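Novice: Sending over data-v7.pdb (PDB, C-alpha atoms).
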```pdb
ATOM      1  CA  MET A  30     -34.946  22.344   0.150
ATOM      2  CA  GLU A  31     -31.963  21.555  -2.049
ATOM      3  CA  LYS A  32     -28.934  23.813  -1.677
ATOM      4  CA  ILE A  33     -26.223  24.500  -4.244
ATOM      5  CA  PRO A  34     -22.680  25.611  -3.391
ATOM      6  CA  VAL A  35     -21.770  29.010  -4.821
ATOM      7  CA  THR A  36     -18.326  30.605  -4.651
ATOM      8  CA  VAL A  37     -18.131  34.393  -4.868
ATOM      9  CA  MET A  38     -15.592  37.138  -4.339
ATOM     10  CA  ILE A  39     -16.908  39.792  -1.954
ATOM     11  CA  TYR A  40     -15.314  42.957  -0.650
ATOM     12  CA  THR A  41     -13.002  42.349   2.297
ATOM     13  CA  TYR A  42     -15.032  44.716   4.479
ATOM     14  CA  GLN A  43     -18.153  42.628   3.732
ATOM     15  CA  ALA A  44     -16.340  39.416   4.695
ATOM     16  CA  ALA A  45     -15.153  41.088   7.906
ATOM     17  CA  ARG A  46     -18.695  42.246   8.759
ATOM     18  CA  LEU A  47     -20.045  38.743   8.186
ATOM     19  CA  ASP A  48     -17.260  37.247  10.334
ATOM     20  CA  LEU A  49     -18.017  39.787  13.070
ATOM     21  CA  LEU A  50     -21.722  38.948  12.883
ATOM     22  CA  LYS A  51     -20.918  35.248  13.291
ATOM     23  CA  ARG A  52     -18.716  35.915  16.347
ATOM     24  CA  ARG A  53     -21.332  38.231  17.871
ATOM     25  CA  GLN A  54     -24.035  35.599  17.365
ATOM     26  CA  ALA A  55     -21.899  32.923  19.056
ATOM     27  CA  LEU A  56     -21.357  35.182  22.080
ATOM     28  CA  GLU A  57     -25.074  36.015  22.272
ATOM     29  CA  GLU A  58     -25.998  32.330  22.078
ATOM     30  CA  LYS A  59     -23.568  31.480  24.877
ATOM     31  CA  ALA A  60     -24.865  34.335  27.025
ATOM     32  CA  THR A  61     -28.443  33.190  26.444
ATOM     33  CA  VAL A  62     -27.587  29.608  27.440
ATOM     34  CA  ASP A  63     -25.896  30.922  30.600
ATOM     35  CA  ALA A  64     -28.898  33.143  31.423
ATOM     36  CA  LEU A  65     -31.305  30.222  30.970
ATOM     37  CA  VAL A  66     -29.158  28.032  33.253
ATOM     38  CA  ASN A  67     -29.173  30.830  35.846
ATOM     39  CA  GLN A  68     -32.982  30.822  35.612
ATOM     40  CA  GLY A  69     -33.048  27.157  36.704
ATOM     41  CA  ASN A  70     -32.873  25.260  33.399
ATOM     42  CA  THR A  71     -30.363  22.467  32.976
ATOM     43  CA  ARG A  72     -27.592  23.192  30.484
ATOM     44  CA  LYS A  73     -29.148  20.636  28.132
ATOM     45  CA  GLN A  74     -32.579  22.296  28.369
ATOM     46  CA  ALA A  75     -30.985  25.703  27.797
ATOM     47  CA  ARG A  76     -29.149  24.463  24.709
ATOM     48  CA  ILE A  77     -32.390  23.005  23.316
ATOM     49  CA  ILE A  78     -34.199  26.320  23.876
ATOM     50  CA  VAL A  79     -31.364  28.215  22.157
ATOM     51  CA  ALA A  80     -31.357  25.746  19.254
ATOM     52  CA  ARG A  81     -35.059  26.512  18.718
ATOM     53  CA  MET A  82     -34.353  30.261  18.852
ATOM     54  CA  ARG A  83     -31.373  30.114  16.478
ATOM     55  CA  PRO A  84     -33.122  30.374  13.080
ATOM     56  CA  VAL A  85     -34.884  33.592  14.094
ATOM     57  CA  GLU A  86     -32.465  35.194  16.553
ATOM     58  CA  TRP A  87     -29.151  34.111  15.032
ATOM     59  CA  PRO A  88     -29.661  33.070  11.400
ATOM     60  CA  SER A  89     -26.748  31.405   9.627
ATOM     61  CA  LEU A  90     -24.519  33.508   7.395
ATOM     62  CA  GLU A  91     -25.930  31.620   4.424
ATOM     63  CA  THR A  92     -29.410  32.771   5.445
ATOM     64  CA  VAL A  93     -28.210  36.370   5.844
ATOM     65  CA  VAL A  94     -26.540  36.302   2.418
ATOM     66  CA  ALA A  95     -29.544  34.617   0.782
ATOM     67  CA  ARG A  96     -31.939  37.245   2.197
ATOM     68  CA  ALA A  97     -29.721  40.062   0.892
ATOM     69  CA  ILE A  98     -29.561  38.445  -2.557
ATOM     70  CA  GLU A  99     -33.336  37.986  -2.638
ATOM     71  CA  GLN A 100     -33.828  41.679  -1.887
ATOM     72  CA  ARG A 101     -31.331  42.717  -4.573
ATOM     73  CA  LEU A 102     -33.000  40.424  -7.117
ATOM     74  CA  ASP A 103     -36.347  42.068  -6.326
ATOM     75  CA  GLU A 104     -35.044  45.456  -7.519
ATOM     76  CA  PRO A 105     -36.376  46.488 -10.949
ATOM     77  CA  ASP A 106     -33.081  46.162 -12.853
ATOM     78  CA  LEU A 107     -32.715  42.490 -11.885
ATOM     79  CA  ALA A 108     -36.308  41.391 -11.232
ATOM     80  CA  GLY A 109     -37.097  40.168 -14.727
ATOM     81  CA  PRO A 110     -39.184  38.354 -15.839
ATOM     82  CA  TRP A 111     -36.376  36.509 -17.597
ATOM     83  CA  ALA A 112     -36.425  33.710 -20.095
ATOM     84  CA  PRO A 113     -35.201  30.519 -18.407
ATOM     85  CA  LEU A 114     -31.574  29.622 -18.962
ATOM     86  CA  THR A 115     -30.856  27.038 -21.602
ATOM     87  CA  GLU A 116     -28.918  23.976 -20.519
ATOM     88  CA  GLY A 117     -25.769  25.376 -22.168
ATOM     89  CA  GLU A 118     -26.141  28.770 -20.468
ATOM     90  CA  ALA A 119     -26.648  27.142 -17.077
ATOM     91  CA  GLU A 120     -23.540  24.994 -17.600
ATOM     92  CA  GLN A 121     -21.462  28.056 -18.538
ATOM     93  CA  LEU A 122     -22.630  29.951 -15.467
ATOM     94  CA  ALA A 123     -21.756  27.052 -13.178
ATOM     95  CA  LEU A 124     -18.107  27.198 -14.302
ATOM     96  CA  SER A 125     -15.584  29.004 -12.166
ATOM     97  CA  GLY A 126     -13.676  31.906 -13.606
ATOM     98  CA  ARG A 127     -13.739  35.641 -13.888
ATOM     99  CA  TRP A 128     -15.885  37.590 -16.325
ATOM    100  CA  PRO A 129     -14.183  40.143 -18.596
ATOM    101  CA  GLY A 130     -13.217  43.509 -17.203
ATOM    102  CA  PRO A 131     -10.587  45.411 -15.320
ATOM    103  CA  SER A 132      -9.442  44.531 -11.843
ATOM    104  CA  LEU A 133     -11.552  46.285  -9.242
ATOM    105  CA  GLY A 134      -8.396  47.489  -7.542
ATOM    106  CA  VAL A 135      -9.734  46.555  -4.106
ATOM    107  CA  SER A 136      -9.235  43.631  -1.778
ATOM    108  CA  LEU A 137     -11.683  40.805  -2.265
ATOM    109  CA  SER A 138     -12.272  37.701  -0.171
ATOM    110  CA  GLN A 139     -13.494  34.390  -1.520
ATOM    111  CA  ARG A 140     -16.550  33.015   0.213
ATOM    112  CA  ASN A 141     -18.473  29.789  -0.325
ATOM    113  CA  TYR A 142     -22.160  29.552   0.473
ATOM    114  CA  LYS A 143     -24.754  26.847   0.052
ATOM    115  CA  LEU A 144     -27.836  28.663  -1.168
ATOM    116  CA  PRO A 145     -31.326  27.411  -2.023
ATOM    117  CA  SER A 146     -31.335  26.021  -5.560
ATOM    118  CA  GLU A 147     -34.276  28.244  -6.594
ATOM    119  CA  LEU A 148     -32.332  31.333  -5.483
ATOM    120  CA  VAL A 149     -29.187  30.221  -7.315
ATOM    121  CA  THR A 150     -31.212  29.671 -10.483
ATOM    122  CA  ARG A 151     -32.803  33.100 -10.123
ATOM    123  CA  LEU A 152     -29.406  34.710  -9.412
ATOM    124  CA  ARG A 153     -27.669  33.076 -12.357
ATOM    125  CA  THR A 154     -30.574  33.795 -14.685
ATOM    126  CA  ALA A 155     -30.599  37.500 -13.801
ATOM    127  CA  ALA A 156     -26.809  37.687 -14.165
ATOM    128  CA  TRP A 157     -26.911  36.046 -17.580
ATOM    129  CA  ARG A 158     -29.904  37.888 -18.992
ATOM    130  CA  VAL A 159     -28.726  41.344 -17.886
ATOM    131  CA  SER A 160     -25.231  40.614 -19.232
ATOM    132  CA  GLU A 161     -25.977  38.818 -22.487
ATOM    133  CA  GLY A 162     -26.097  41.992 -24.637
ATOM    134  CA  PRO A 163     -22.747  43.440 -23.512
ATOM    135  CA  MET A 164     -21.192  39.949 -23.497
ATOM    136  CA  ARG A 165     -22.319  39.360 -27.072
ATOM    137  CA  GLU A 166     -20.764  42.705 -28.077
ATOM    138  CA  LEU A 167     -17.520  41.798 -26.346
ATOM    139  CA  GLU A 168     -17.399  38.489 -28.226
ATOM    140  CA  GLU A 169     -18.356  40.043 -31.598
ATOM    141  CA  ARG A 170     -15.580  42.643 -31.239
ATOM    142  CA  GLY A 171     -13.058  39.960 -30.272
ATOM    143  CA  LEU A 172     -12.415  41.556 -26.880
ATOM    144  CA  VAL A 173     -12.639  38.400 -24.747
ATOM    145  CA  GLY A 174     -10.589  35.253 -24.606
ATOM    146  CA  ALA A 175      -7.414  33.912 -23.088
ATOM    147  CA  GLY A 176      -4.103  35.293 -24.251
ATOM    148  CA  LEU A 177      -5.470  38.324 -26.108
ATOM    149  CA  VAL A 178      -3.165  41.260 -26.664
ATOM    150  CA  LEU A 179      -5.356  44.344 -26.809
ATOM    151  CA  THR A 180      -4.522  47.907 -27.785
ATOM    152  CA  GLU A 181      -5.307  50.665 -25.306
ATOM    153  CA  ALA A 182      -8.374  51.572 -27.383
ATOM    154  CA  GLN A 183      -9.569  47.956 -27.313
ATOM    155  CA  LYS A 184      -8.982  47.769 -23.552
ATOM    156  CA  GLY A 185     -11.078  50.924 -23.183
ATOM    157  CA  GLN A 186     -13.887  49.389 -25.273
ATOM    158  CA  ARG A 187     -13.678  46.146 -23.305
ATOM    159  CA  ASN A 188     -13.789  47.963 -19.971
ATOM    160  CA  GLU A 189     -16.720  50.143 -21.083
ATOM    161  CA  LEU A 190     -18.724  47.095 -22.127
ATOM    162  CA  ALA A 191     -17.627  45.125 -19.056
ATOM    163  CA  GLU A 192     -19.090  47.827 -16.786
ATOM    164  CA  ARG A 193     -22.504  46.777 -18.096
ATOM    165  CA  LEU A 194     -21.944  43.133 -17.084
ATOM    166  CA  TYR A 195     -23.636  41.798 -13.969
ATOM    167  CA  PRO A 196     -21.846  38.601 -12.991
ATOM    168  CA  VAL A 197     -23.054  36.690  -9.949
ATOM    169  CA  PRO A 198     -20.303  38.050  -7.626
ATOM    170  CA  ARG A 199     -21.188  41.649  -8.513
ATOM    171  CA  ILE A 200     -24.842  41.018  -7.669
ATOM    172  CA  VAL A 201     -23.840  39.399  -4.359
ATOM    173  CA  ARG A 202     -21.515  42.305  -3.480
ATOM    174  CA  GLU A 203     -24.269  44.812  -4.265
ATOM    175  CA  ALA A 204     -26.766  42.746  -2.244
ATOM    176  CA  LEU A 205     -24.487  42.711   0.789
ATOM    177  CA  ALA A 206     -23.702  46.422   0.442
ATOM    178  CA  ARG A 207     -27.415  47.298   0.339
ATOM    179  CA  TYR A 208     -28.997  44.656   2.549
ATOM    180  CA  GLY A 209     -26.253  42.788   4.439
ATOM    181  CA  PRO A 210     -24.960  43.344   7.973
ATOM    182  CA  ALA A 211     -22.794  46.275   6.874
ATOM    183  CA  ALA A 212     -25.823  48.056   5.435
ATOM    184  CA  SER A 213     -28.009  47.470   8.479
ATOM    185  CA  SER A 214     -25.349  48.654  10.938
ATOM    186  CA  GLU A 215     -24.657  51.770   8.826
ATOM    187  CA  ALA A 216     -28.387  52.537   8.679
ATOM    188  CA  ALA A 217     -28.625  52.191  12.462
ATOM    189  CA  GLN A 218     -25.787  54.710  12.910
ATOM    190  CA  ALA A 219     -27.411  57.288  10.615
TER     191      ALA A 219
END
```
Mind turning the file's structure into structure tokens?

Specialist:
Amino acid sequence: MEKIPVTVMIYTYQAARLDLLKRRQALEEKATVDALVNQGNTRKQARIIVARMRPVEWPSLETVVARAIEQRLDEPDLAGPWAPLTEGEAEQLALSGRWPGPSLGVSLSQRNYKLPSELVTRLRTAAWRVSEGPMRELEERGLVGAGLVLTEAQKGQRNELAERLYPVPRIVREALARYGPAASSEAAQA
């Protein structure tokens, strides 16, 4: 399965939860190796057993993120069916850079994940198709572009339209909030 690197900005609390999950998994793996050695396995045998367990018991962060994205993309507002991206649209979506809109006013952390190519295509297609109407309006009204000086009224129009945009990072943040480690630990506490 081919994987494509994707860079996204996620909430700092989400990055911290993912980092905590990774540390917790490493400790659990080590404890499992130690327990298997105490049961009479050699350290090498124990490490092989743990390596076989890893995909199910301690999935990689990329797997955790991909599963959350898949669940978010299955929700009705993003599920499609969508027309496939044109070559030009796909090239635009692969570029780095921020979509129009106000600053979120919260701390974000940059994260890089290698995700299955089919998932990345689905993610980018949903982002583009959901956003193409508001983006077209932004462009027609001349509210996007580098170096623009906008009036307060124009900034208000831009921000109103930008709220309807669903760039890839927004979808990933929503996916992690609803289906990531933070969501599952909050559900367990409730």

Novice: Go ahead and compute the interatomic distance for atom CA of A:Glu91 and atom CA of A:Val66, in Å to one decimal.

Specialist: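 Distance between the two atoms: 29.2 Å.
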
Novice: Would you mind listing what lies within 8 Å of A:Leu144 as number ranges by chain, with all atoms listed in the file counted and same-chain residues fewer than 5 positions away left out?

Specialist: A: 32-35, 91-92, 95, 149

Novice: Quote the spacing between atom CA of A:Arg193 and atom CA of A:Ala156 in Å to one decimal place.

Specialist: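 Distance reported for this atom pair: 10.8 Å.
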
Novice: Kindly give the distance, in Å, that separates atom CA of A:Glu99 and atom CA of A:Val135, rounded to a single decimal.

Specialist: 25.2 Å

Novice: My list of candidates is A:Ile39, A:Thr150, A:Leu190, A:Val62. Which is closest to A:Glu116 when distances are computed with all atoms listed in the file?

Specialist: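 Using all atoms listed in the file, the shortest distance to A:Glu116 belongs to A:Thr150.
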
Novice: Take the PyMOL selection byres ((chain A and resi 41) around 8), apply it to the structure above, and return the hits as a PDB file with C-alpha atoms, in the coordinates of the input.

Specialist:
```pdb
ATOM      1  CA  ILE A  39     -16.908  39.792  -1.954  1.00  0.00           C
ATOM      2  CA  TYR A  40     -15.314  42.957  -0.650  1.00  0.00           C
ATOM      3  CA  TYR A  42     -15.032  44.716   4.479  1.00  0.00           C
ATOM      4  CA  GLN A  43     -18.153  42.628   3.732  1.00  0.00           C
ATOM      5  CA  ALA A  44     -16.340  39.416   4.695  1.00  0.00           C
ATOM      6  CA  ALA A  45     -15.153  41.088   7.906  1.00  0.00           C
ATOM      7  CA  SER A 136      -9.235  43.631  -1.778  1.00  0.00           C
ATOM      8  CA  LEU A 137     -11.683  40.805  -2.265  1.00  0.00           C
ATOM      9  CA  SER A 138     -12.272  37.701  -0.171  1.00  0.00           C
TER      10      SER A 138
END
```

Novice: Mind listing whatever residues come within 6 Å of the point (-28.1, 38.9, -7.7)? Use all atoms listed in the file, file coordinates, and give them as a PyMOL selection string.

Specialist: chain A and resi 98+101-102+152+197+200-201

Novice: Counting all atoms listed in the file, give me one row per residue of stretch 92-151 of chain A with an atom at most 10 Å from an atom of stretch 159-176 of chain A, showing the shortest contact pair and its distance in Å to one decimal, sorted by chain then residue number, as a tab-separated table.

Specialist:
```
residue	atom	partner	partner_atom	distance
A:Asp106	CA	A:Val159	CA	8.2
A:Leu107	CA	A:Val159	CA	7.3
A:Gly109	CA	A:Val159	CA	9.0
A:Trp111	CA	A:Val159	CA	9.1
A:Trp128	CA	A:Val173	CA	9.1
A:Pro129	CA	A:Val173	CA	6.6
A:Gly130	CA	A:Val173	CA	9.1
```

Novice: Expand the PyMOL selection byres ((chain A and resi 37) around 7) into the individual residues it matches in the shown file, reporting them as a PyMOL selection string.

Specialist: chain A and resi 35-36+38-39+139-141+198

Novice: Residues within 10 Å of A:Ala112, please, as a ChimeraX atom specification. Count all atoms listed in the file; anything in the same chain fewer than 2 positions from it doesn't count.

Specialist: /A:109-110,114-115,154-155,158

Novice: Report, as lines of an AutoDock Vina configuration file, the centre and edge lengths in Å (one decimal) of the axis-aligned box enclosing every listed atom of stretch 167-180 of chain A, padded by 6 Å on each side.

Specialist:
```
center_x = -10.8
center_y = 40.9
center_z = -27.3
size_x = 27.2
size_y = 26.0
size_z = 20.5
```

Novice: From the set A:Val178, A:Ala60, A:Ser89, A:Gln74, which residue has the shortest atom-to-atom contact distance to A:Asp48, counting all atoms listed in the file?

Specialist: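 Smallest separation from A:Asp48 among the options: A:Ser89.
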
Novice: When the PyMOL selection byres ((chain A and resi 61) around 12) is applied to the file above, which residues end up in the set, as a ChimeraX atom specification?

Specialist: /A:54-60,62-68,70,72,74-80,82-83,86-87
